Structures are given as C-alpha cells and as structure tokens.
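The structure appears right after this line, and notes come after that.
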Amino acid sequence: MGYFALLFAFSRWTGRRATNETFYRADRQSPWYMVAFGMVGASISGITFVSVPGMVLVSQMNYLQTCMGFILGYVVVAFLLLPLYYKLNLTSIYAYLGQRLGQRSHKTGSWFFLLSKMTGAAVRFYVVCIILQRFVFEPQGVPFAVTTLLLVLLIWLYTRKGGIKTLVWTDSLQTLCLFTALLIIIYKVATDLNLSMGDAVSAISQSELSRVFVFDDWVSKQNFWKQFLSGVFIVLVMTGVDQDMMQKNLTCKTLRGAQKDMCTYGVAFLPANLLFLSLGVLLTMWYQQQGMTMPVMGDELLPMYVGQAGSLVMVLFVLGIVAASFSSADSALTSLTTIYCVDILGQKDNELLRKRTHLAMCAIFVLFILFFMVVNSTSLIDAIYIICSYTYGPLLGLFAYGLLTKQGVNDRLVPYIAVASPLLCYAIDYGVGQMTGYHFGYELLMLNGLITFVGLYLSSKL
C-alpha cells in the first residue's frame, strides 16, 4: 500500500494545473537525469523481470551481445532522430512522416503504432496479471477479471491528470523499487548458496552459463554480429520510431539534455541485464544444490524459486513485477492516448476529448487482457506477440526512407506497402525454414524494414 501511496502522491503533485501540454510533453521541463533513470525501468517490462534470468538455460549470457548493440543504437537515435524531432517541435513523432511523405504515410505510421502497441502491451500485461493473480490475488479469492480491472484502474488514476509529466517521476520511483528488489533477491539466493557476494561473482564468472560471445558459429542465432546488429536495429525501431519510448525523451528542456538522457540509459542496459542474467546463473546453482529438477521453461526459473523461498522473497518479487509492469503499461496507455488524439483525430488542444480517450484506452486495454484470459491459449498469445513484432518493420522502413532519401512516395500506396511487407516477411521466413531449416531471428526486423523501403522506392516511380 505504501508503494501505491507514493505513486498517487507523485500524481497529485505533478497533476496540479496540468494542461494537455503537460499531459503530452510535460511542458518540456523534465530534468534529463530523471528521465534517464526512469527510462531504465520503463524499458524493462514485467516479462523481462521473469524471462531474462531464464535465458541462461538456453543461450547462456549471449543476450549481452544484443545489449551491446543497444548502446550503439541509442547513440544513433540520440544524434540522428532526436535533433530532427526537436527541430520540428513534435508532440507525435509520426507527424514527421506527414511532413516528409504525406498524410497517408502519417496515418499509416500512427495506426501501425496504435494496433501493435495496444496488442503488445496488453499481452505483456496479461502475463504479469497471471503472475500477480498466482502469488497475490488468488489466495485472497479475487477473480482474475477483478484483478485486471483493479490494476488498470490504478494506472488510470495516477496518470489521468499529469500524463507524461507524472510518468517521468513515477518511473524513477518504479526503477528504484525494481532494482532494489532485484539486488535483494540476488543477495538472498547467494546467501542460500552460502556464498559471499565476492564468492558469488567468482562463481558466476566461472560458470559455463556465463559465456557471452559467440564468434565461431555463423548459422547460430546467437552469433555476435547477428545479435549486435539486431540490438542496434531493435533500438532504432523499438525506441527511435516508437512514440511510447520517445515521448518521455521529448519532455527534456533542451535537445542536449535529451541526448545525455538517452546515451546514459542506453549504456545502463548492459549492467542492468547483466544483473538479471547473473541471477539466472545463481538460480541454476541453487536448483542443483537442492537436487531439484531444473524447470523446462526458462520463465519458471525465478517464479519456482520464489514459491519456495519464503514471504520476504515473494514480496520483493511481486514489488519488482509491479514496478516493471506498471512503468511500461502506464507509458503505453499515455502514448496511445497521445497518438489517437493528436494524429488520428487532430485534436491536440481538446482537453475533454483527451480525458475521454485516455479512459477509453484503459477500457480497451482491459478488454484485450480479458480476451487473452478467455482464449487461454499460449500458442495463440505467442502468435499475437510475433505478429506485433512484425509490425515494427514498416515503421523502420518509413522512417529510413524519409531520412536517407530525398525522394517522395506515392502516398496513396503507402498503407498497402506497409501491410504487404510483414506478410511477405512471414512468407520468406516460412519458405526458408521449409527449404533449409533455418528461421530468422531478430534479423527479420531488418528484412521487414528493407522490404518496406524498397516498396516505397518503387512506389515513387508510379
């Protein structure tokens, strides 16, 4: 309760005399260091908190190769895209597509973001709701639908006035809670293994699961260059052309501050994910020490430990999950409201419309989560999540075309190109898999963007 009390205290403070400009851009008065610290937590979802430790069972610490690519990606975004967004004084980054390529390109980028972000964020929050239901609400006899409604209602209550200004401060609180919980859980696992922190570091470094680099297998999805370049492009798409991730960065007082903020939290991803993966290595040692069977699914590595480690670890685990999931879901709902009001309806200054839209987005969010609960099919949810990942390719292609060429496009054809590109990518991936057994990994995003880019270029000739 104390955690939520702090959230509402920040909301009350930041929501005073709030206007639409406050909700969308925090009046462009955010301190860069607060944005940077909060963005670390906002970029780590509840699924990350659960899944990354379990990655060591399948791919050791190879994920850090992708995190190294993140650093370069954030530098590119900071010095290529941020100057453009600040120069144009944008509220929605997709307005750039309208100025550069045309109205339909603008709407296409906005709709792709709306559909993919709503679905993807709902899938991620659904998984978190399941975990919280399992550890917190089910023992109290609370139905899943009530759990979902309550959690989303809490998000709406503390973001409805201050919007993005509130999130800059609450994200910092949630980042602090997230890493406090993570560090204490790591300490608890090390203690259970009768290891000092120095001994734990040595044990992790000597474990076969601590391998980071893969240079010797060019076919493997874990090959360094595939992972590194994928990390660069993941940041370009998941941050640089994603309104959810960029909106807080556009609240800094100056471009220079925004660049410092982005480069700072970009570098922070490497040690942050190293902590999660180190926890995974320690957990495997704990399972071996206890003579327990290792979970088949990596996502169960941490939850199974939590279920047997006592009430303190369970409280810390729940706190970490809540902090991670709230800081990603609240910003998603705020950015969805921004795009619908500013881009789709063109009503940036209508405060009543913004409030109603924000409430409607929260209601739709709840319906999506309850739909996933009714379906209750892991394969379908995975399929939906994969489809969402495909939809970022057209955004990459649209922005790359606008930035790297001086040509126009056939604006009338842009929506069709954007829809055809992920479908063609899926067909290529399926065909290559059938013929060679190889399936694309993160590099599919680059292929998707390239197909969109080529389609836009060809359309300019028509």
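Order determines the names: the first chain of the structure tokens is A, the second B, and so forth; residues in each chain are numbered 1 upward, and ligands are numbered 1 upward as they are shown.
The list of residues with at least one atom within 10 Å of Tyr340 (chain A), based on only C-alpha atoms and without residues fewer than 6 positions apart in the same chain, reads Ser92, Ser110, Trp111, Leu114, Gly346, Gln347, Lys348, Arg354, Thr357, His358 and Met361 of chain A.
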For Val315 (chain A), please output as a list in words all residues within 12 Å (counting only C-alpha atoms; exclusion window: fewer than 6 positions along the same chain).
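Counting only the stated atoms, we get Tyr3, Leu132, Phe135, Val136, Cys177, Leu178, Thr180, Ala181, Leu182, Ile184, Ile185, Val306, Gly307, Ala309, Ile321 and Val322 of chain A.
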Take the residues just selected and output them with all heavy atoms as a compact mmCIF listing (two decimals), in the first residue's frame.
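Okay, part-v9.txt is ready:
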```txt
# COMPACT_ATOMS: atom_id res chain seq x y z
N TYR A 3 3.65 1.65 -1.48
CA TYR A 3 4.13 1.87 -2.85
C TYR A 3 3.10 2.66 -3.66
O TYR A 3 3.44 3.65 -4.33
CB TYR A 3 4.40 0.50 -3.50
CG TYR A 3 4.74 0.56 -4.96
CD1 TYR A 3 6.00 0.96 -5.39
CD2 TYR A 3 3.80 0.21 -5.92
CE1 TYR A 3 6.32 1.00 -6.74
CE2 TYR A 3 4.11 0.25 -7.27
CZ TYR A 3 5.37 0.65 -7.67
OH TYR A 3 5.66 0.69 -9.01
N LEU A 132 0.71 -12.07 -10.88
CA LEU A 132 0.20 -11.44 -9.66
C LEU A 132 -1.02 -12.18 -9.13
O LEU A 132 -1.21 -12.29 -7.91
CB LEU A 132 -0.14 -9.98 -9.94
CG LEU A 132 1.06 -9.06 -10.26
CD1 LEU A 132 0.58 -7.66 -10.60
CD2 LEU A 132 2.02 -9.02 -9.08
N PHE A 135 0.33 -15.29 -7.22
CA PHE A 135 1.04 -15.09 -5.95
C PHE A 135 0.30 -14.20 -4.95
O PHE A 135 0.56 -14.28 -3.75
CB PHE A 135 2.43 -14.48 -6.22
CG PHE A 135 3.41 -15.46 -6.78
CD1 PHE A 135 3.72 -15.44 -8.13
CD2 PHE A 135 4.02 -16.41 -5.98
CE1 PHE A 135 4.62 -16.35 -8.67
CE2 PHE A 135 4.93 -17.32 -6.50
CZ PHE A 135 5.23 -17.29 -7.86
N VAL A 136 -0.60 -13.34 -5.43
CA VAL A 136 -1.22 -12.35 -4.53
C VAL A 136 -2.73 -12.49 -4.44
O VAL A 136 -3.30 -12.66 -3.36
CB VAL A 136 -0.86 -10.91 -4.99
CG1 VAL A 136 -1.50 -9.89 -4.05
CG2 VAL A 136 0.65 -10.72 -5.03
N CYS A 177 12.49 0.88 -7.10
CA CYS A 177 11.89 -0.30 -6.47
C CYS A 177 12.29 -1.58 -7.20
O CYS A 177 12.59 -2.60 -6.57
CB CYS A 177 10.37 -0.16 -6.46
SG CYS A 177 9.74 1.13 -5.37
N LEU A 178 12.30 -1.51 -8.52
CA LEU A 178 12.65 -2.68 -9.33
C LEU A 178 14.04 -3.19 -9.01
O LEU A 178 14.25 -4.38 -8.74
CB LEU A 178 12.53 -2.30 -10.82
CG LEU A 178 13.16 -3.24 -11.84
CD1 LEU A 178 12.46 -4.59 -11.83
CD2 LEU A 178 13.12 -2.62 -13.23
N THR A 180 16.00 -2.37 -6.44
CA THR A 180 16.14 -2.73 -5.03
C THR A 180 15.69 -4.18 -4.82
O THR A 180 16.38 -4.97 -4.16
CB THR A 180 15.33 -1.78 -4.14
OG1 THR A 180 15.81 -0.44 -4.31
CG2 THR A 180 15.44 -2.19 -2.68
N ALA A 181 14.53 -4.51 -5.38
CA ALA A 181 14.02 -5.87 -5.27
C ALA A 181 14.96 -6.87 -5.92
O ALA A 181 15.25 -7.94 -5.36
CB ALA A 181 12.63 -5.96 -5.91
N LEU A 182 15.47 -6.54 -7.11
CA LEU A 182 16.37 -7.44 -7.83
C LEU A 182 17.65 -7.70 -7.02
O LEU A 182 18.08 -8.85 -6.88
CB LEU A 182 16.72 -6.84 -9.19
CG LEU A 182 17.76 -7.59 -10.04
CD1 LEU A 182 17.27 -9.00 -10.36
CD2 LEU A 182 18.07 -6.81 -11.32
N ILE A 184 18.21 -7.38 -3.80
CA ILE A 184 17.98 -8.13 -2.56
C ILE A 184 17.72 -9.61 -2.86
O ILE A 184 18.17 -10.50 -2.13
CB ILE A 184 16.80 -7.51 -1.76
CG1 ILE A 184 17.18 -6.10 -1.29
CG2 ILE A 184 16.45 -8.39 -0.57
CD1 ILE A 184 16.06 -5.38 -0.57
N ILE A 185 17.01 -9.89 -3.96
CA ILE A 185 16.77 -11.29 -4.35
C ILE A 185 18.09 -11.97 -4.70
O ILE A 185 18.35 -13.12 -4.32
CB ILE A 185 15.78 -11.38 -5.52
CG1 ILE A 185 14.37 -10.98 -5.06
CG2 ILE A 185 15.73 -12.80 -6.10
CD1 ILE A 185 13.35 -10.89 -6.17
N VAL A 306 10.81 -18.46 -6.10
CA VAL A 306 10.03 -17.56 -5.24
C VAL A 306 9.00 -18.34 -4.44
O VAL A 306 8.77 -18.06 -3.25
CB VAL A 306 9.35 -16.47 -6.11
CG1 VAL A 306 8.34 -15.69 -5.29
CG2 VAL A 306 10.39 -15.54 -6.70
N GLY A 307 8.38 -19.33 -5.08
CA GLY A 307 7.34 -20.12 -4.42
C GLY A 307 7.84 -20.90 -3.22
O GLY A 307 7.05 -21.33 -2.37
N ALA A 309 10.87 -19.84 -1.42
CA ALA A 309 11.92 -19.07 -0.72
C ALA A 309 11.41 -18.24 0.45
O ALA A 309 12.20 -17.55 1.08
CB ALA A 309 12.63 -18.16 -1.72
N ILE A 321 7.89 -7.08 -10.00
CA ILE A 321 6.96 -7.30 -11.12
C ILE A 321 6.03 -6.09 -11.29
O ILE A 321 5.82 -5.60 -12.40
CB ILE A 321 6.13 -8.57 -10.88
CG1 ILE A 321 7.01 -9.81 -11.02
CG2 ILE A 321 4.96 -8.64 -11.85
CD1 ILE A 321 7.45 -10.10 -12.42
N VAL A 322 5.47 -5.62 -10.18
CA VAL A 322 4.55 -4.47 -10.25
C VAL A 322 5.27 -3.24 -10.77
O VAL A 322 4.76 -2.52 -11.65
CB VAL A 322 3.93 -4.20 -8.85
CG1 VAL A 322 3.19 -2.86 -8.86
CG2 VAL A 322 2.97 -5.32 -8.48
```
Report the closest atom pair, with its distance in Å rounded to one decimal, for each residue of region 344-447 of chain A that has an atom no farther than 12 Å from region 148-163 of chain A; count only C-alpha atoms, sort by chain and then rising residue number, and write it as CSV.
```
residue,atom,partner,partner_atom,distance
A:Glu351,CA,A:Lys161,CA,10.3
A:Leu352,CA,A:Lys161,CA,11.4
A:Arg354,CA,A:Arg160,CA,9.4
A:Lys355,CA,A:Arg160,CA,7.0
A:Arg356,CA,A:Arg160,CA,9.8
A:Thr357,CA,A:Arg160,CA,10.4
A:His358,CA,A:Arg160,CA,7.2
A:Leu359,CA,A:Trp156,CA,7.1
A:Ala360,CA,A:Trp156,CA,10.2
A:Met361,CA,A:Trp156,CA,9.5
A:Cys362,CA,A:Val152,CA,6.6
A:Ala363,CA,A:Val152,CA,8.3
A:Ile364,CA,A:Val152,CA,10.4
A:Phe365,CA,A:Val152,CA,8.0
A:Val366,CA,A:Leu149,CA,6.4
A:Leu367,CA,A:Leu149,CA,9.3
A:Phe368,CA,A:Thr148,CA,10.5
A:Ile369,CA,A:Thr148,CA,7.5
A:Leu370,CA,A:Thr148,CA,7.8
A:Phe371,CA,A:Thr148,CA,11.5
A:Phe372,CA,A:Thr148,CA,11.6
A:Met373,CA,A:Thr148,CA,10.2
```
With C-alpha atoms retained, could you export that selection as a PDB file, in the first residue's frame?
```pdb
ATOM      1  CA  GLU A 351      -8.817  18.532 -23.068  1.00  0.00           C
ATOM      2  CA  LEU A 352     -12.211  16.830 -22.595  1.00  0.00           C
ATOM      3  CA  ARG A 354      -8.134  13.699 -24.261  1.00  0.00           C
ATOM      4  CA  LYS A 355      -9.592  12.666 -20.891  1.00  0.00           C
ATOM      5  CA  ARG A 356     -12.284  10.550 -22.523  1.00  0.00           C
ATOM      6  CA  THR A 357      -9.794   8.962 -24.895  1.00  0.00           C
ATOM      7  CA  HIS A 358      -7.432   8.084 -22.043  1.00  0.00           C
ATOM      8  CA  LEU A 359     -10.274   6.393 -20.168  1.00  0.00           C
ATOM      9  CA  ALA A 360     -11.372   4.591 -23.337  1.00  0.00           C
ATOM     10  CA  MET A 361      -7.835   3.325 -23.983  1.00  0.00           C
ATOM     11  CA  CYS A 362      -7.732   1.893 -20.456  1.00  0.00           C
ATOM     12  CA  ALA A 363     -11.101   0.185 -21.012  1.00  0.00           C
ATOM     13  CA  ILE A 364      -9.936  -1.330 -24.319  1.00  0.00           C
ATOM     14  CA  PHE A 365      -6.744  -2.443 -22.594  1.00  0.00           C
ATOM     15  CA  VAL A 366      -8.804  -4.335 -20.011  1.00  0.00           C
ATOM     16  CA  LEU A 367     -10.915  -5.959 -22.748  1.00  0.00           C
ATOM     17  CA  PHE A 368      -7.813  -7.142 -24.602  1.00  0.00           C
ATOM     18  CA  ILE A 369      -6.418  -8.715 -21.429  1.00  0.00           C
ATOM     19  CA  LEU A 370      -9.728 -10.428 -20.610  1.00  0.00           C
ATOM     20  CA  PHE A 371      -9.879 -11.733 -24.193  1.00  0.00           C
ATOM     21  CA  PHE A 372      -6.468 -13.354 -23.729  1.00  0.00           C
ATOM     22  CA  MET A 373      -7.732 -14.840 -20.460  1.00  0.00           C
TER      23      MET A 373
END
```
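Pairwise distance (CA of Gly402 (chain A), CA of Cys252 (chain A)) equals 24.7 Å.
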Residues at most 10 Å from Val201 (chain A), counting only C-alpha atoms, excluding those fewer than 6 positions away in the same chain, as a list in words?
Ala190, Leu195, Ser278 and Leu282 of chain A
Nearest residue to Ala329 (chain A) from the set A:Gly2, A:Gly291, A:Gly15, A:Gly120 (distances using only C-alpha atoms):
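Of the candidates, the smallest distance to Ala329 (chain A) is held by A:Gly120.
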Let me make sure I understand: among A:Tyr63, A:Thr452, A:Val77, A:Phe213, which one has the smallest atom-to-atom distance to Asp261 (chain A) if we use only C-alpha atoms?
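So, comparing all the options, the nearest one is A:Val77.
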Taking only C-alpha atoms into account, name the residue in A:Phe4, A:Trp32, A:Trp286, A:Phe326 that is nearest to Gln259 (chain A).
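With only C-alpha atoms as the atom set, the closest residue is A:Trp32.
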Based on the backbone DSSP call, show me all residues of region 224-263 of chain A assigned helix (DSSP H, G or I), as a ChimeraX atom specification.
/A:224-240,243-249,255-263
Take the residues from that selection and put them in a file with N, CA and C atoms, as a JSON list (two decimals), in the first residue's frame.
```json
[["chain", "number", "residue", "atom", "x", "y", "z"],
["A", 224, "PHE", "N", 27.63, -13.35, -32.63],
["A", 224, "PHE", "CA", 27.82, -11.99, -32.12],
["A", 224, "PHE", "C", 27.29, -10.93, -33.07],
["A", 225, "TRP", "N", 27.67, -11.01, -34.34],
["A", 225, "TRP", "CA", 27.31, -9.94, -35.27],
["A", 225, "TRP", "C", 25.80, -9.89, -35.52],
["A", 226, "LYS", "N", 25.16, -11.06, -35.53],
["A", 226, "LYS", "CA", 23.70, -11.07, -35.67],
["A", 226, "LYS", "C", 23.05, -10.41, -34.46],
["A", 227, "GLN", "N", 23.53, -10.78, -33.27],
["A", 227, "GLN", "CA", 22.97, -10.23, -32.05],
["A", 227, "GLN", "C", 23.26, -8.74, -31.92],
["A", 228, "PHE", "N", 24.50, -8.35, -32.21],
["A", 228, "PHE", "CA", 24.90, -6.95, -32.07],
["A", 228, "PHE", "C", 24.11, -6.05, -33.02],
["A", 229, "LEU", "N", 24.08, -6.42, -34.30],
["A", 229, "LEU", "CA", 23.36, -5.60, -35.28],
["A", 229, "LEU", "C", 21.86, -5.60, -35.01],
["A", 230, "SER", "N", 21.35, -6.75, -34.56],
["A", 230, "SER", "CA", 19.94, -6.80, -34.20],
["A", 230, "SER", "C", 19.65, -5.85, -33.05],
["A", 231, "GLY", "N", 20.58, -5.78, -32.08],
["A", 231, "GLY", "CA", 20.41, -4.86, -30.97],
["A", 231, "GLY", "C", 20.33, -3.42, -31.43],
["A", 232, "VAL", "N", 21.17, -3.06, -32.40],
["A", 232, "VAL", "CA", 21.14, -1.70, -32.96],
["A", 232, "VAL", "C", 19.78, -1.42, -33.56],
["A", 233, "PHE", "N", 19.29, -2.33, -34.40],
["A", 233, "PHE", "CA", 18.02, -2.09, -35.10],
["A", 233, "PHE", "C", 16.83, -2.20, -34.17],
["A", 234, "ILE", "N", 16.92, -3.04, -33.14],
["A", 234, "ILE", "CA", 15.84, -3.11, -32.16],
["A", 234, "ILE", "C", 15.64, -1.76, -31.49],
["A", 235, "VAL", "N", 16.74, -1.10, -31.14],
["A", 235, "VAL", "CA", 16.64, 0.22, -30.51],
["A", 235, "VAL", "C", 16.11, 1.26, -31.51],
["A", 236, "LEU", "N", 16.59, 1.20, -32.74],
["A", 236, "LEU", "CA", 16.11, 2.16, -33.75],
["A", 236, "LEU", "C", 14.60, 2.08, -33.91],
["A", 237, "VAL", "N", 14.07, 0.85, -33.84],
["A", 237, "VAL", "CA", 12.63, 0.65, -34.06],
["A", 237, "VAL", "C", 11.85, 0.74, -32.76],
["A", 238, "MET", "N", 12.28, -0.02, -31.74],
["A", 238, "MET", "CA", 11.52, -0.09, -30.50],
["A", 238, "MET", "C", 11.63, 1.18, -29.67],
["A", 239, "THR", "N", 12.61, 2.02, -29.98],
["A", 239, "THR", "CA", 12.75, 3.30, -29.28],
["A", 239, "THR", "C", 12.65, 4.47, -30.24],
["A", 240, "GLY", "N", 13.52, 4.49, -31.25],
["A", 240, "GLY", "CA", 13.63, 5.66, -32.13],
["A", 240, "GLY", "C", 12.38, 6.00, -32.88],
["A", 243, "GLN", "N", 6.52, 5.89, -30.39],
["A", 243, "GLN", "CA", 6.05, 7.04, -29.63],
["A", 243, "GLN", "C", 6.12, 6.79, -28.13],
["A", 244, "ASP", "N", 5.80, 5.58, -27.71],
["A", 244, "ASP", "CA", 5.81, 5.24, -26.30],
["A", 244, "ASP", "C", 7.17, 5.52, -25.67],
["A", 245, "MET", "N", 8.24, 5.09, -26.34],
["A", 245, "MET", "CA", 9.58, 5.24, -25.79],
["A", 245, "MET", "C", 10.15, 6.64, -26.01],
["A", 246, "MET", "N", 9.72, 7.31, -27.05],
["A", 246, "MET", "CA", 10.28, 8.63, -27.35],
["A", 246, "MET", "C", 9.59, 9.77, -26.61],
["A", 247, "GLN", "N", 8.35, 9.54, -26.18],
["A", 247, "GLN", "CA", 7.58, 10.65, -25.64],
["A", 247, "GLN", "C", 8.23, 11.26, -24.40],
["A", 248, "LYS", "N", 8.78, 10.41, -23.53],
["A", 248, "LYS", "CA", 9.44, 10.96, -22.34],
["A", 248, "LYS", "C", 10.72, 11.70, -22.73],
["A", 249, "ASN", "N", 11.45, 11.18, -23.71],
["A", 249, "ASN", "CA", 12.68, 11.84, -24.13],
["A", 249, "ASN", "C", 12.41, 13.22, -24.72],
["A", 255, "LEU", "N", 17.51, 19.87, -26.35],
["A", 255, "LEU", "CA", 18.00, 18.74, -27.12],
["A", 255, "LEU", "C", 19.23, 18.13, -26.47],
["A", 256, "ARG", "N", 20.13, 18.96, -25.99],
["A", 256, "ARG", "CA", 21.34, 18.47, -25.35],
["A", 256, "ARG", "C", 21.01, 17.59, -24.15],
["A", 257, "GLY", "N", 20.03, 18.02, -23.36],
["A", 257, "GLY", "CA", 19.62, 17.23, -22.21],
["A", 257, "GLY", "C", 19.03, 15.90, -22.64],
["A", 258, "ALA", "N", 18.21, 15.91, -23.70],
["A", 258, "ALA", "CA", 17.60, 14.68, -24.19],
["A", 258, "ALA", "C", 18.66, 13.70, -24.69],
["A", 259, "GLN", "N", 19.70, 14.23, -25.34],
["A", 259, "GLN", "CA", 20.78, 13.36, -25.83],
["A", 259, "GLN", "C", 21.56, 12.74, -24.67],
["A", 260, "LYS", "N", 21.82, 13.54, -23.63],
["A", 260, "LYS", "CA", 22.51, 13.00, -22.46],
["A", 260, "LYS", "C", 21.65, 11.93, -21.78],
["A", 261, "ASP", "N", 20.37, 12.18, -21.70],
["A", 261, "ASP", "CA", 19.46, 11.21, -21.08],
["A", 261, "ASP", "C", 19.47, 9.89, -21.84],
["A", 262, "MET", "N", 19.38, 9.96, -23.16],
["A", 262, "MET", "CA", 19.30, 8.73, -23.96],
["A", 262, "MET", "C", 20.60, 7.94, -23.92],
["A", 263, "CYS", "N", 21.72, 8.60, -24.05],
["A", 263, "CYS", "CA", 23.01, 7.90, -24.01],
["A", 263, "CYS", "C", 23.27, 7.28, -22.64]]
```
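Those residues that approach Val241 (chain A) to within 10 Å, counting only C-alpha atoms, are Val77, Leu81, Ile93, Tyr94, Gly109, Phe113, Val235, Tyr392, Leu395, Leu396, Leu398, Phe399 and Ala400 of chain A; same-chain residues fewer than 6 positions away are not listed.
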Restricting it to N, CA, C and O atoms, dump the selection as a PDB file, in the first residue's frame.
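File selection-v6.pdb, as written:
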```pdb
ATOM      1  N   VAL A  77      20.111   7.028 -32.310  1.00  0.00           N
ATOM      2  CA  VAL A  77      18.836   7.717 -32.069  1.00  0.00           C
ATOM      3  C   VAL A  77      19.077   9.109 -31.487  1.00  0.00           C
ATOM      4  O   VAL A  77      18.441  10.096 -31.891  1.00  0.00           O
ATOM      5  N   LEU A  81      17.926  11.033 -34.757  1.00  0.00           N
ATOM      6  CA  LEU A  81      16.490  11.247 -34.691  1.00  0.00           C
ATOM      7  C   LEU A  81      16.086  12.362 -33.724  1.00  0.00           C
ATOM      8  O   LEU A  81      15.216  13.181 -34.042  1.00  0.00           O
ATOM      9  N   ILE A  93       5.788  11.745 -32.948  1.00  0.00           N
ATOM     10  CA  ILE A  93       6.907  11.576 -33.881  1.00  0.00           C
ATOM     11  C   ILE A  93       6.419  11.200 -35.272  1.00  0.00           C
ATOM     12  O   ILE A  93       7.133  11.398 -36.256  1.00  0.00           O
ATOM     13  N   TYR A  94       5.195  10.683 -35.385  1.00  0.00           N
ATOM     14  CA  TYR A  94       4.691  10.284 -36.702  1.00  0.00           C
ATOM     15  C   TYR A  94       4.246  11.479 -37.541  1.00  0.00           C
ATOM     16  O   TYR A  94       3.992  11.342 -38.736  1.00  0.00           O
ATOM     17  N   GLY A 109       1.687   5.243 -40.204  1.00  0.00           N
ATOM     18  CA  GLY A 109       2.593   5.082 -39.073  1.00  0.00           C
ATOM     19  C   GLY A 109       1.843   5.116 -37.753  1.00  0.00           C
ATOM     20  O   GLY A 109       2.116   4.310 -36.854  1.00  0.00           O
ATOM     21  N   PHE A 113       1.359   1.930 -35.093  1.00  0.00           N
ATOM     22  CA  PHE A 113       1.764   2.047 -33.699  1.00  0.00           C
ATOM     23  C   PHE A 113       0.601   1.715 -32.768  1.00  0.00           C
ATOM     24  O   PHE A 113       0.769   0.948 -31.802  1.00  0.00           O
ATOM     25  N   VAL A 235      16.743  -1.097 -31.136  1.00  0.00           N
ATOM     26  CA  VAL A 235      16.645   0.225 -30.514  1.00  0.00           C
ATOM     27  C   VAL A 235      16.109   1.256 -31.508  1.00  0.00           C
ATOM     28  O   VAL A 235      15.256   2.082 -31.165  1.00  0.00           O
ATOM     29  N   TYR A 392       6.590  -3.583 -36.507  1.00  0.00           N
ATOM     30  CA  TYR A 392       7.561  -2.511 -36.358  1.00  0.00           C
ATOM     31  C   TYR A 392       8.435  -2.348 -37.601  1.00  0.00           C
ATOM     32  O   TYR A 392       9.047  -1.302 -37.792  1.00  0.00           O
ATOM     33  N   LEU A 395       7.430   0.596 -39.827  1.00  0.00           N
ATOM     34  CA  LEU A 395       7.819   1.877 -39.223  1.00  0.00           C
ATOM     35  C   LEU A 395       9.294   2.159 -39.477  1.00  0.00           C
ATOM     36  O   LEU A 395       9.670   3.292 -39.800  1.00  0.00           O
ATOM     37  N   LEU A 396      10.128   1.122 -39.346  1.00  0.00           N
ATOM     38  CA  LEU A 396      11.551   1.273 -39.639  1.00  0.00           C
ATOM     39  C   LEU A 396      11.758   1.685 -41.089  1.00  0.00           C
ATOM     40  O   LEU A 396      12.536   2.610 -41.386  1.00  0.00           O
ATOM     41  N   LEU A 398       9.618   3.192 -43.169  1.00  0.00           N
ATOM     42  CA  LEU A 398       9.098   4.531 -43.434  1.00  0.00           C
ATOM     43  C   LEU A 398      10.069   5.610 -42.974  1.00  0.00           C
ATOM     44  O   LEU A 398      10.367   6.560 -43.718  1.00  0.00           O
ATOM     45  N   PHE A 399      10.565   5.478 -41.757  1.00  0.00           N
ATOM     46  CA  PHE A 399      11.487   6.492 -41.245  1.00  0.00           C
ATOM     47  C   PHE A 399      12.820   6.447 -41.978  1.00  0.00           C
ATOM     48  O   PHE A 399      13.415   7.497 -42.261  1.00  0.00           O
ATOM     49  N   ALA A 400      13.314   5.248 -42.284  1.00  0.00           N
ATOM     50  CA  ALA A 400      14.581   5.136 -43.010  1.00  0.00           C
ATOM     51  C   ALA A 400      14.473   5.774 -44.382  1.00  0.00           C
ATOM     52  O   ALA A 400      15.390   6.495 -44.823  1.00  0.00           O
TER      53      ALA A 400
END
```
Between A:Ser51, A:Thr284, A:Asn448, A:Gln289, which residue has the minimum interatomic distance to Leu193 (chain A), considering only C-alpha atoms?
A:Gln289
Distance of CA of Ser421 (chain A) from CA of Met435 (chain A), expressed in Å to one decimal place
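Separation of CA of Met435 (chain A) and CA of Ser421 (chain A): 21.1 Å.
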Neighbouring residues of Glu208 (chain A) were defined as those with any atom within 12 Å, considering only C-alpha atoms; residues of the same chain fewer than 2 positions away were excluded. Please report them as a list in words.
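Once the adjacent positions are removed, what remains is Val56, Leu57, Val58, Ser59, Gln60, Met61, Asn62, Ala203, Ile204, Ser205, Gln206, Ser210, Arg211, Val212, Val281, Leu282, Thr284 and Met285 of chain A.
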